[in-house]
>>> print(open('my_file-v6.txt').read())   # compact mmCIF, N, CA, C and O atoms
# COMPACT_ATOMS: atom_id res chain seq x y z
N MET A 634 6.52 -13.94 -1.39
CA MET A 634 5.34 -13.88 -0.54
C MET A 634 4.52 -12.62 -0.85
O MET A 634 3.30 -12.69 -0.95
N CYS A 635 5.21 -11.48 -1.00
CA CYS A 635 4.51 -10.23 -1.29
C CYS A 635 3.75 -10.32 -2.62
O CYS A 635 2.63 -9.83 -2.72
N GLN A 636 4.37 -10.93 -3.59
CA GLN A 636 3.73 -11.03 -4.90
C GLN A 636 2.49 -11.93 -4.84
O GLN A 636 1.50 -11.68 -5.52
N ILE A 637 2.54 -12.94 -3.99
CA ILE A 637 1.36 -13.80 -3.81
C ILE A 637 0.24 -13.02 -3.13
O ILE A 637 -0.92 -13.09 -3.56
N ILE A 638 0.57 -12.28 -2.09
CA ILE A 638 -0.43 -11.46 -1.40
C ILE A 638 -1.01 -10.42 -2.36
O ILE A 638 -2.22 -10.17 -2.36
N ASP A 639 -0.15 -9.83 -3.18
CA ASP A 639 -0.60 -8.85 -4.16
C ASP A 639 -1.57 -9.49 -5.15
O ASP A 639 -2.60 -8.91 -5.50
N ALA A 640 -1.28 -10.71 -5.56
CA ALA A 640 -2.18 -11.43 -6.47
C ALA A 640 -3.52 -11.73 -5.80
O ALA A 640 -4.58 -11.61 -6.43
N VAL A 641 -3.48 -12.08 -4.52
CA VAL A 641 -4.71 -12.33 -3.77
C VAL A 641 -5.56 -11.06 -3.71
O VAL A 641 -6.78 -11.10 -3.91
N ILE A 642 -4.90 -9.93 -3.45
CA ILE A 642 -5.62 -8.65 -3.40
C ILE A 642 -6.27 -8.37 -4.76
O ILE A 642 -7.44 -7.97 -4.83
N THR A 643 -5.53 -8.60 -5.81
CA THR A 643 -6.05 -8.35 -7.16
C THR A 643 -7.23 -9.27 -7.48
O THR A 643 -8.23 -8.83 -8.04
N ILE A 644 -7.12 -10.52 -7.10
CA ILE A 644 -8.19 -11.49 -7.38
C ILE A 644 -9.45 -11.16 -6.57
O ILE A 644 -10.56 -11.19 -7.09
N LEU A 645 -9.27 -10.85 -5.31
CA LEU A 645 -10.42 -10.55 -4.45
C LEU A 645 -11.07 -9.22 -4.82
O LEU A 645 -12.29 -9.08 -4.74
N GLY A 646 -10.25 -8.26 -5.17
CA GLY A 646 -10.76 -6.95 -5.59
C GLY A 646 -11.73 -6.35 -4.61
O GLY A 646 -11.47 -6.29 -3.41
N PRO A 647 -12.89 -5.93 -5.08
CA PRO A 647 -13.88 -5.28 -4.21
C PRO A 647 -14.42 -6.17 -3.09
O PRO A 647 -14.95 -5.68 -2.11
N ASP A 648 -14.26 -7.49 -3.23
CA ASP A 648 -14.72 -8.40 -2.17
C ASP A 648 -13.96 -8.20 -0.87
O ASP A 648 -14.42 -8.64 0.19
N ILE A 649 -12.81 -7.53 -0.94
CA ILE A 649 -12.03 -7.26 0.27
C ILE A 649 -12.85 -6.42 1.24
O ILE A 649 -12.76 -6.60 2.45
N GLN A 650 -13.69 -5.53 0.74
CA GLN A 650 -14.50 -4.67 1.60
C GLN A 650 -15.53 -5.48 2.39
O GLN A 650 -15.88 -5.12 3.50
N GLU A 651 -16.00 -6.56 1.82
CA GLU A 651 -17.08 -7.32 2.44
C GLU A 651 -16.62 -8.24 3.56
O GLU A 651 -17.35 -8.45 4.52
N SER A 652 -15.44 -8.81 3.43
CA SER A 652 -14.97 -9.80 4.40
C SER A 652 -13.98 -9.17 5.38
O SER A 652 -12.82 -8.94 5.04
N THR A 653 -14.45 -8.92 6.58
CA THR A 653 -13.60 -8.31 7.61
C THR A 653 -12.41 -9.21 7.93
O THR A 653 -11.29 -8.73 8.06
N ARG A 654 -12.65 -10.48 8.04
CA ARG A 654 -11.58 -11.42 8.40
C ARG A 654 -10.49 -11.44 7.33
O ARG A 654 -9.30 -11.34 7.64
N THR A 655 -10.89 -11.56 6.08
CA THR A 655 -9.92 -11.59 4.98
C THR A 655 -9.15 -10.28 4.93
O THR A 655 -7.92 -10.28 4.80
N ARG A 656 -9.85 -9.18 5.03
CA ARG A 656 -9.22 -7.86 4.98
C ARG A 656 -8.20 -7.70 6.10
O ARG A 656 -7.08 -7.24 5.89
N THR A 657 -8.58 -8.10 7.29
CA THR A 657 -7.68 -7.99 8.44
C THR A 657 -6.45 -8.87 8.27
O THR A 657 -5.33 -8.43 8.55
N LEU A 658 -6.63 -10.08 7.80
CA LEU A 658 -5.49 -10.98 7.58
C LEU A 658 -4.52 -10.40 6.55
O LEU A 658 -3.30 -10.41 6.76
N ILE A 659 -5.07 -9.92 5.45
CA ILE A 659 -4.22 -9.36 4.40
C ILE A 659 -3.46 -8.14 4.92
O ILE A 659 -2.25 -8.01 4.71
N LEU A 660 -4.16 -7.24 5.59
CA LEU A 660 -3.50 -6.04 6.12
C LEU A 660 -2.42 -6.38 7.14
O LEU A 660 -1.36 -5.76 7.14
N ASP A 661 -2.69 -7.35 7.99
CA ASP A 661 -1.68 -7.75 8.98
C ASP A 661 -0.43 -8.28 8.29
O ASP A 661 0.69 -7.94 8.68
N ILE A 662 -0.60 -9.11 7.29
CA ILE A 662 0.54 -9.67 6.56
C ILE A 662 1.31 -8.56 5.86
O ILE A 662 2.54 -8.49 5.94
N VAL A 663 0.60 -7.67 5.19
CA VAL A 663 1.26 -6.59 4.45
C VAL A 663 2.01 -5.66 5.41
O VAL A 663 3.13 -5.24 5.12
N ARG A 664 1.43 -5.36 6.54
CA ARG A 664 2.10 -4.50 7.53
C ARG A 664 3.39 -5.15 8.05
O ARG A 664 4.39 -4.48 8.22
N ARG A 665 3.33 -6.44 8.29
CA ARG A 665 4.54 -7.14 8.74
C ARG A 665 5.61 -7.13 7.66
O ARG A 665 6.79 -6.95 7.94
N LEU A 666 5.19 -7.35 6.43
CA LEU A 666 6.15 -7.34 5.33
C LEU A 666 6.74 -5.94 5.13
O LEU A 666 7.91 -5.80 4.80
N ALA A 667 5.93 -4.92 5.34
CA ALA A 667 6.40 -3.54 5.18
C ALA A 667 7.41 -3.14 6.24
O ALA A 667 8.18 -2.20 6.05
N SER A 668 7.46 -3.88 7.34
CA SER A 668 8.41 -3.55 8.41
C SER A 668 9.66 -4.43 8.36
O SER A 668 10.51 -4.34 9.25
N GLU A 669 9.78 -5.23 7.34
CA GLU A 669 10.97 -6.09 7.18
C GLU A 669 12.22 -5.27 6.92
O GLU A 669 12.14 -4.16 6.42
N GLU A 670 13.35 -5.85 7.25
CA GLU A 670 14.64 -5.20 7.01
C GLU A 670 14.97 -5.15 5.52
O GLU A 670 15.55 -4.18 5.04
N ASP A 671 14.63 -6.21 4.81
CA ASP A 671 14.96 -6.33 3.40
C ASP A 671 14.22 -5.29 2.56
O ASP A 671 12.99 -5.21 2.58
N GLU A 672 14.99 -4.50 1.83
CA GLU A 672 14.41 -3.43 1.03
C GLU A 672 13.48 -3.95 -0.06
O GLU A 672 12.42 -3.37 -0.32
N GLY A 673 13.84 -5.03 -0.70
CA GLY A 673 13.01 -5.60 -1.76
C GLY A 673 11.64 -6.01 -1.25
O GLY A 673 10.63 -5.82 -1.93
N ILE A 674 11.60 -6.55 -0.05
CA ILE A 674 10.32 -6.94 0.54
C ILE A 674 9.49 -5.70 0.85
O ILE A 674 8.29 -5.68 0.59
N ARG A 675 10.13 -4.66 1.35
CA ARG A 675 9.39 -3.41 1.64
C ARG A 675 8.84 -2.79 0.36
O ARG A 675 7.72 -2.28 0.35
N VAL A 676 9.61 -2.84 -0.72
CA VAL A 676 9.13 -2.31 -2.00
C VAL A 676 7.90 -3.08 -2.46
O VAL A 676 6.90 -2.48 -2.88
N GLU A 677 7.95 -4.40 -2.38
CA GLU A 677 6.80 -5.22 -2.78
C GLU A 677 5.60 -4.99 -1.85
O GLU A 677 4.45 -4.99 -2.29
N ALA A 678 5.86 -4.76 -0.58
CA ALA A 678 4.78 -4.48 0.37
C ALA A 678 4.09 -3.16 0.02
O ALA A 678 2.87 -3.03 0.12
N ILE A 679 4.87 -2.18 -0.43
CA ILE A 679 4.29 -0.90 -0.87
C ILE A 679 3.37 -1.13 -2.05
O ILE A 679 2.27 -0.56 -2.14
N ARG A 680 3.77 -1.99 -2.96
CA ARG A 680 2.92 -2.31 -4.12
C ARG A 680 1.62 -2.98 -3.68
O ARG A 680 0.55 -2.71 -4.23
N CYS A 681 1.72 -3.85 -2.68
CA CYS A 681 0.51 -4.49 -2.14
C CYS A 681 -0.43 -3.43 -1.55
O CYS A 681 -1.64 -3.47 -1.76
N ILE A 682 0.15 -2.51 -0.81
CA ILE A 682 -0.65 -1.45 -0.20
C ILE A 682 -1.32 -0.61 -1.28
O ILE A 682 -2.49 -0.23 -1.15
N GLN A 683 -0.60 -0.34 -2.37
CA GLN A 683 -1.19 0.43 -3.46
C GLN A 683 -2.42 -0.28 -4.02
O GLN A 683 -3.44 0.36 -4.26
N HIS A 684 -2.33 -1.58 -4.23
CA HIS A 684 -3.47 -2.32 -4.76
C HIS A 684 -4.60 -2.38 -3.74
O HIS A 684 -5.77 -2.29 -4.09
N PHE A 685 -4.25 -2.55 -2.49
CA PHE A 685 -5.26 -2.59 -1.44
C PHE A 685 -6.02 -1.27 -1.39
O PHE A 685 -7.24 -1.24 -1.23
N LEU A 686 -5.31 -0.17 -1.56
CA LEU A 686 -5.93 1.16 -1.55
C LEU A 686 -6.96 1.33 -2.67
O LEU A 686 -7.91 2.08 -2.53
N MET A 687 -6.77 0.63 -3.76
CA MET A 687 -7.72 0.73 -4.87
C MET A 687 -9.07 0.12 -4.49
O MET A 687 -10.11 0.56 -4.98
N PHE A 688 -9.05 -0.90 -3.63
CA PHE A 688 -10.28 -1.63 -3.33
C PHE A 688 -10.89 -1.30 -1.97
O PHE A 688 -12.11 -1.41 -1.81
N ALA A 689 -10.07 -0.92 -1.01
CA ALA A 689 -10.61 -0.66 0.34
C ALA A 689 -9.82 0.44 1.04
O ALA A 689 -9.25 0.23 2.11
N PRO A 690 -9.81 1.64 0.47
CA PRO A 690 -9.02 2.72 1.05
C PRO A 690 -9.48 3.16 2.44
O PRO A 690 -8.68 3.64 3.24
N GLU A 691 -10.75 2.97 2.73
CA GLU A 691 -11.27 3.42 4.02
C GLU A 691 -10.76 2.57 5.19
O GLU A 691 -10.94 2.94 6.34
N HIS A 692 -10.10 1.46 4.89
CA HIS A 692 -9.60 0.58 5.94
C HIS A 692 -8.10 0.74 6.20
O HIS A 692 -7.52 -0.06 6.93
N ILE A 693 -7.53 1.77 5.62
CA ILE A 693 -6.11 2.05 5.83
C ILE A 693 -5.98 3.44 6.42
O ILE A 693 -6.65 4.38 6.00
N ASP A 694 -5.09 3.56 7.39
CA ASP A 694 -4.81 4.86 8.01
C ASP A 694 -3.87 5.63 7.07
O ASP A 694 -2.65 5.46 7.12
N VAL A 695 -4.46 6.44 6.21
CA VAL A 695 -3.69 7.14 5.18
C VAL A 695 -2.66 8.11 5.76
O VAL A 695 -1.52 8.12 5.29
N PRO A 696 -2.96 8.91 6.78
CA PRO A 696 -1.91 9.78 7.34
C PRO A 696 -0.69 9.00 7.84
O PRO A 696 0.45 9.40 7.63
N GLU A 697 -0.93 7.86 8.48
CA GLU A 697 0.17 7.02 8.94
C GLU A 697 0.96 6.47 7.75
O GLU A 697 2.19 6.42 7.76
N LEU A 698 0.25 6.09 6.71
CA LEU A 698 0.87 5.58 5.50
C LEU A 698 1.74 6.64 4.83
O LEU A 698 2.87 6.37 4.40
N ILE A 699 1.24 7.85 4.77
CA ILE A 699 2.01 8.95 4.18
C ILE A 699 3.28 9.20 4.98
O ILE A 699 4.35 9.40 4.40
N THR A 700 3.18 9.14 6.28
CA THR A 700 4.37 9.31 7.13
C THR A 700 5.40 8.22 6.83
O THR A 700 6.59 8.49 6.71
N GLN A 701 4.92 7.01 6.67
CA GLN A 701 5.81 5.89 6.35
C GLN A 701 6.49 6.12 4.99
O GLN A 701 7.70 5.94 4.86
N PHE A 702 5.72 6.53 4.00
CA PHE A 702 6.28 6.78 2.67
C PHE A 702 7.30 7.92 2.72
O PHE A 702 8.31 7.88 2.05
N ARG A 703 7.00 8.93 3.51
CA ARG A 703 7.93 10.08 3.63
C ARG A 703 9.27 9.65 4.24
O ARG A 703 10.32 10.14 3.83
N THR A 704 9.24 8.73 5.19
CA THR A 704 10.51 8.25 5.75
C THR A 704 11.30 7.47 4.71
O THR A 704 12.52 7.54 4.69
N HIS A 705 10.60 6.77 3.83
CA HIS A 705 11.29 6.04 2.76
C HIS A 705 11.94 6.99 1.75
O HIS A 705 12.91 6.62 1.10
N LEU A 706 11.40 8.19 1.63
CA LEU A 706 12.00 9.16 0.71
C LEU A 706 13.40 9.56 1.16
O LEU A 706 14.21 10.00 0.34
N ASN A 707 13.70 9.42 2.44
CA ASN A 707 15.02 9.73 2.97
C ASN A 707 16.00 8.57 2.83
O ASN A 707 17.17 8.70 3.18
N SER A 708 15.53 7.45 2.33
CA SER A 708 16.37 6.27 2.19
C SER A 708 17.46 6.50 1.14
O SER A 708 17.26 7.23 0.16
N SER A 709 18.57 5.86 1.34
CA SER A 709 19.64 5.93 0.34
C SER A 709 19.40 4.93 -0.79
O SER A 709 20.11 4.93 -1.79
N ARG A 710 18.39 4.10 -0.63
CA ARG A 710 18.07 3.07 -1.61
C ARG A 710 17.04 3.57 -2.61
O ARG A 710 15.92 3.93 -2.27
N ARG A 711 17.44 3.63 -3.87
CA ARG A 711 16.59 4.18 -4.93
C ARG A 711 15.27 3.42 -5.13
O ARG A 711 14.22 4.05 -5.28
N PRO A 712 15.26 2.07 -5.17
CA PRO A 712 13.98 1.38 -5.37
C PRO A 712 12.93 1.71 -4.31
O PRO A 712 11.75 1.84 -4.62
N LEU A 713 13.38 1.86 -3.07
CA LEU A 713 12.46 2.19 -1.99
C LEU A 713 11.91 3.61 -2.17
O LEU A 713 10.72 3.85 -1.97
N LYS A 714 12.77 4.51 -2.57
CA LYS A 714 12.33 5.89 -2.85
C LYS A 714 11.31 5.91 -3.98
O LYS A 714 10.26 6.55 -3.88
N LEU A 715 11.62 5.21 -5.06
CA LEU A 715 10.71 5.20 -6.22
C LEU A 715 9.36 4.59 -5.89
O LEU A 715 8.32 5.10 -6.29
N ALA A 716 9.37 3.50 -5.14
CA ALA A 716 8.11 2.87 -4.75
C ALA A 716 7.27 3.83 -3.91
O ALA A 716 6.05 3.94 -4.10
N SER A 717 7.92 4.55 -3.01
CA SER A 717 7.21 5.52 -2.16
C SER A 717 6.68 6.68 -2.99
O SER A 717 5.55 7.14 -2.77
N ILE A 718 7.48 7.14 -3.94
CA ILE A 718 7.03 8.24 -4.81
C ILE A 718 5.81 7.82 -5.61
O ILE A 718 4.82 8.56 -5.70
N HIS A 719 5.85 6.62 -6.17
CA HIS A 719 4.71 6.13 -6.96
C HIS A 719 3.46 5.97 -6.09
O HIS A 719 2.35 6.32 -6.52
N ALA A 720 3.64 5.48 -4.87
CA ALA A 720 2.50 5.31 -3.97
C ALA A 720 1.92 6.66 -3.56
O ALA A 720 0.69 6.83 -3.54
N LEU A 721 2.77 7.63 -3.26
CA LEU A 721 2.30 8.97 -2.92
C LEU A 721 1.59 9.61 -4.10
O LEU A 721 0.54 10.25 -3.94
N TYR A 722 2.13 9.41 -5.29
CA TYR A 722 1.50 9.94 -6.50
C TYR A 722 0.11 9.34 -6.69
O TYR A 722 -0.84 10.06 -7.03
N GLN A 723 -0.02 8.04 -6.44
CA GLN A 723 -1.32 7.38 -6.56
C GLN A 723 -2.32 8.00 -5.58
O GLN A 723 -3.47 8.24 -5.92
N LEU A 724 -1.86 8.26 -4.35
CA LEU A 724 -2.74 8.87 -3.35
C LEU A 724 -3.19 10.26 -3.79
O LEU A 724 -4.36 10.63 -3.63
N VAL A 725 -2.27 11.03 -4.34
CA VAL A 725 -2.60 12.39 -4.79
C VAL A 725 -3.60 12.32 -5.95
O VAL A 725 -4.57 13.07 -5.98
N GLN A 726 -3.36 11.43 -6.90
CA GLN A 726 -4.28 11.28 -8.04
C GLN A 726 -5.67 10.90 -7.57
O GLN A 726 -6.67 11.43 -8.03
N LYS A 727 -5.73 9.94 -6.65
CA LYS A 727 -7.02 9.46 -6.15
C LYS A 727 -7.78 10.60 -5.47
O LYS A 727 -8.96 10.80 -5.72
N ASP A 728 -7.10 11.37 -4.63
CA ASP A 728 -7.76 12.48 -3.96
C ASP A 728 -8.16 13.57 -4.94
O ASP A 728 -9.21 14.19 -4.77
N ALA A 729 -7.38 13.79 -5.95
CA ALA A 729 -7.72 14.79 -6.96
C ALA A 729 -8.98 14.40 -7.70
O ALA A 729 -9.82 15.24 -8.03
N LEU A 730 -9.15 13.09 -7.94
CA LEU A 730 -10.34 12.62 -8.64
C LEU A 730 -11.59 12.67 -7.76
O LEU A 730 -12.70 12.75 -8.25
N LEU A 731 -11.39 12.62 -6.45
CA LEU A 731 -12.53 12.69 -5.53
C LEU A 731 -13.14 14.08 -5.46
O LEU A 731 -14.30 14.24 -5.13
N TYR A 732 -12.33 15.09 -5.76
CA TYR A 732 -12.78 16.48 -5.62
C TYR A 732 -12.67 17.19 -6.98
O TYR A 732 -11.83 18.05 -7.14
N PRO A 733 -13.55 16.82 -7.93
CA PRO A 733 -13.46 17.48 -9.24
C PRO A 733 -13.88 18.95 -9.16
O PRO A 733 -14.64 19.34 -8.28
N ARG A 734 -13.40 19.70 -10.08
CA ARG A 734 -13.76 21.13 -10.12
C ARG A 734 -15.10 21.32 -10.74
O ARG A 734 -15.62 20.69 -11.51
>>> encode(input="my_file-v6.txt", output="structure tokens")
Amino acid sequence: MCQIIDAVITILGPDIQESTRTRTLILDIVRRLASEEDEGIRVEAIRCIQHFLMFAPEHIDVPELITQFRTHLNSSRRPLKLASIHALYQLVQKDALLYPR
């Protein structure tokens, strides 16, 4: 399911910003998937969030997202830690590009 949602995000791309209904539906699904017990689903949900951030970052509560990723860093499960590290790295890169020297 996460991979399908991720593909939808990729296909829609910048159009996600224009359609409030589509954006809301996608975010609701991804948030529910991110709260699942299954670690694999949470890892895939993080990937969905990463792609969503590329197209509509202003519609995600980034401080809340960072808090969520930080809690995953304490996980004993390596895939969840790695997914969180990659997502945090993407956020840092994006912010670094916003404020060039």
>>> residues_around(input="my_file-v6.txt", residues="segment 655-661 of chain A", least_positions_apart="4", cutoff="10 Å", atoms="only C-alpha atoms", output="number ranges by chain")
A: 638-639, 641-642, 645, 648-651, 665-667, 681-682, 685, 689, 692-693
>>> atom_distance(input="my_file-v6.txt", atom1="atom C of Gln636 of chain A", atom2="atom O of Val725 of chain A")
26.0 Å
>>> closest_atom_pairs(input="my_file-v6.txt", of="segment 712-731 of chain A", to="segment 672-677 of chain A", cutoff="8 Å", atoms="only N, CA, C and O atoms", output="CSV")
residue,atom,partner,partner_atom,distance
A:Pro712,O,A:Val676,CA,5.6
A:Leu713,CA,A:Val676,CA,5.6
A:Lys714,N,A:Val676,CA,7.8
A:Leu715,C,A:Val676,CA,7.9
A:Ala716,CA,A:Val676,O,5.8
A:Ser717,N,A:Val676,CA,7.0
>>> write_last_selection(input="my_file-v6.txt", atoms="N, CA, C and O atoms", output="PDB file, in the frame of the given file")
ATOM      1  N   PRO A 712      15.260   2.070  -5.170  1.00  0.00           N
ATOM      2  CA  PRO A 712      13.980   1.380  -5.370  1.00  0.00           C
ATOM      3  C   PRO A 712      12.930   1.710  -4.310  1.00  0.00           C
ATOM      4  O   PRO A 712      11.750   1.840  -4.620  1.00  0.00           O
ATOM      5  N   LEU A 713      13.380   1.860  -3.070  1.00  0.00           N
ATOM      6  CA  LEU A 713      12.460   2.190  -1.990  1.00  0.00           C
ATOM      7  C   LEU A 713      11.910   3.610  -2.170  1.00  0.00           C
ATOM      8  O   LEU A 713      10.720   3.850  -1.970  1.00  0.00           O
ATOM      9  N   LYS A 714      12.770   4.510  -2.570  1.00  0.00           N
ATOM     10  CA  LYS A 714      12.330   5.890  -2.850  1.00  0.00           C
ATOM     11  C   LYS A 714      11.310   5.910  -3.980  1.00  0.00           C
ATOM     12  O   LYS A 714      10.260   6.550  -3.880  1.00  0.00           O
ATOM     13  N   LEU A 715      11.620   5.210  -5.060  1.00  0.00           N
ATOM     14  CA  LEU A 715      10.710   5.200  -6.220  1.00  0.00           C
ATOM     15  C   LEU A 715       9.360   4.590  -5.890  1.00  0.00           C
ATOM     16  O   LEU A 715       8.320   5.100  -6.290  1.00  0.00           O
ATOM     17  N   ALA A 716       9.370   3.500  -5.140  1.00  0.00           N
ATOM     18  CA  ALA A 716       8.110   2.870  -4.750  1.00  0.00           C
ATOM     19  C   ALA A 716       7.270   3.830  -3.910  1.00  0.00           C
ATOM     20  O   ALA A 716       6.050   3.940  -4.100  1.00  0.00           O
ATOM     21  N   SER A 717       7.920   4.550  -3.010  1.00  0.00           N
ATOM     22  CA  SER A 717       7.210   5.520  -2.160  1.00  0.00           C
ATOM     23  C   SER A 717       6.680   6.680  -2.990  1.00  0.00           C
ATOM     24  O   SER A 717       5.550   7.140  -2.770  1.00  0.00           O
TER      25      SER A 717
END
>>> atom_distance(input="my_file-v6.txt", atom1="atom N of Asp671 of chain A", atom2="atom O of Leu706 of chain A")
16.8 Å
>>> atom_distance(input="my_file-v6.txt", atom1="atom N of Phe688 of chain A", atom2="atom N of Glu670 of chain A")
25.4 Å
>>> closest_residue(input="my_file-v6.txt", among="A:Ile679, A:Leu721, A:Met634, A:Met687", to="Ile699 of chain A", atoms="only C-alpha atoms")
A:Leu721
>>> select_by_dssp(input="my_file-v6.txt", residues="chain A", states="alpha helix (DSSP H)", output="count of residues only")
80
>>> decode(input="my_file-v6.txt", residues="segment 687-695 of chain A", atoms="all heavy atoms", output="mmCIF file, in the first residue's frame")
data_model
loop_
_atom_site.group_PDB
_atom_site.id
_atom_site.type_symbol
_atom_site.label_atom_id
_atom_site.label_comp_id
_atom_site.auth_asym_id
_atom_site.auth_seq_id
_atom_site.Cartn_x
_atom_site.Cartn_y
_atom_site.Cartn_z
ATOM 1 N N MET A 687 9.202 16.781 -1.104
ATOM 2 C CA MET A 687 9.814 17.351 -2.310
ATOM 3 C C MET A 687 8.813 18.228 -3.063
ATOM 4 O O MET A 687 9.199 19.198 -3.706
ATOM 5 C CB MET A 687 10.324 16.241 -3.234
ATOM 6 C CG MET A 687 11.513 15.525 -2.679
ATOM 7 S SD MET A 687 12.287 14.252 -3.717
ATOM 8 C CE MET A 687 11.144 13.818 -4.945
ATOM 9 N N PHE A 688 7.527 17.878 -2.985
ATOM 10 C CA PHE A 688 6.530 18.573 -3.788
ATOM 11 C C PHE A 688 5.666 19.563 -3.007
ATOM 12 O O PHE A 688 5.182 20.536 -3.586
ATOM 13 C CB PHE A 688 5.620 17.547 -4.482
ATOM 14 C CG PHE A 688 6.372 16.620 -5.392
ATOM 15 C CD1 PHE A 688 6.485 15.281 -5.100
ATOM 16 C CD2 PHE A 688 6.995 17.100 -6.533
ATOM 17 C CE1 PHE A 688 7.179 14.418 -5.934
ATOM 18 C CE2 PHE A 688 7.698 16.263 -7.367
ATOM 19 C CZ PHE A 688 7.790 14.910 -7.071
ATOM 20 N N ALA A 689 5.451 19.311 -1.729
ATOM 21 C CA ALA A 689 4.571 20.199 -0.954
ATOM 22 C C ALA A 689 5.029 20.298 0.500
ATOM 23 O O ALA A 689 4.279 19.963 1.422
ATOM 24 C CB ALA A 689 3.134 19.686 -1.036
ATOM 25 N N PRO A 690 6.239 20.787 0.727
ATOM 26 C CA PRO A 690 6.765 20.831 2.090
ATOM 27 C C PRO A 690 5.996 21.765 3.020
ATOM 28 O O PRO A 690 5.963 21.543 4.232
ATOM 29 C CB PRO A 690 8.200 21.316 1.903
ATOM 30 C CG PRO A 690 8.187 22.053 0.608
ATOM 31 C CD PRO A 690 7.163 21.354 -0.241
ATOM 32 N N GLU A 691 5.361 22.773 2.470
ATOM 33 C CA GLU A 691 4.654 23.737 3.307
ATOM 34 C C GLU A 691 3.390 23.147 3.936
ATOM 35 O O GLU A 691 2.799 23.756 4.821
ATOM 36 C CB GLU A 691 4.312 24.999 2.510
ATOM 37 C CG GLU A 691 3.388 24.775 1.344
ATOM 38 C CD GLU A 691 4.064 24.284 0.067
ATOM 39 O OE1 GLU A 691 5.287 24.117 0.033
ATOM 40 O OE2 GLU A 691 3.332 24.064 -0.905
ATOM 41 N N HIS A 692 2.998 21.954 3.511
ATOM 42 C CA HIS A 692 1.787 21.327 4.039
ATOM 43 C C HIS A 692 2.078 20.242 5.082
ATOM 44 O O HIS A 692 1.173 19.513 5.477
ATOM 45 C CB HIS A 692 0.968 20.741 2.890
ATOM 46 C CG HIS A 692 0.520 21.783 1.922
ATOM 47 N ND1 HIS A 692 -0.468 22.699 2.216
ATOM 48 C CD2 HIS A 692 0.959 22.091 0.681
ATOM 49 C CE1 HIS A 692 -0.630 23.510 1.183
ATOM 50 N NE2 HIS A 692 0.218 23.165 0.240
ATOM 51 N N ILE A 693 3.322 20.174 5.507
ATOM 52 C CA ILE A 693 3.710 19.208 6.532
ATOM 53 C C ILE A 693 4.280 19.966 7.716
ATOM 54 O O ILE A 693 5.051 20.916 7.551
ATOM 55 C CB ILE A 693 4.753 18.201 5.985
ATOM 56 C CG1 ILE A 693 4.093 17.303 4.944
ATOM 57 C CG2 ILE A 693 5.358 17.377 7.096
ATOM 58 C CD1 ILE A 693 4.959 16.195 4.430
ATOM 59 N N ASP A 694 3.905 19.533 8.903
ATOM 60 C CA ASP A 694 4.431 20.120 10.136
ATOM 61 C C ASP A 694 5.826 19.542 10.372
ATOM 62 O O ASP A 694 5.977 18.461 10.956
ATOM 63 C CB ASP A 694 3.495 19.800 11.297
ATOM 64 C CG ASP A 694 3.925 20.447 12.598
ATOM 65 O OD1 ASP A 694 4.941 21.167 12.616
ATOM 66 O OD2 ASP A 694 3.224 20.225 13.604
ATOM 67 N N VAL A 695 6.838 20.249 9.896
ATOM 68 C CA VAL A 695 8.211 19.747 9.945
ATOM 69 C C VAL A 695 8.716 19.535 11.372
ATOM 70 O O VAL A 695 9.324 18.501 11.653
ATOM 71 C CB VAL A 695 9.163 20.643 9.113
ATOM 72 C CG1 VAL A 695 10.603 20.193 9.260
ATOM 73 C CG2 VAL A 695 8.751 20.621 7.643
#
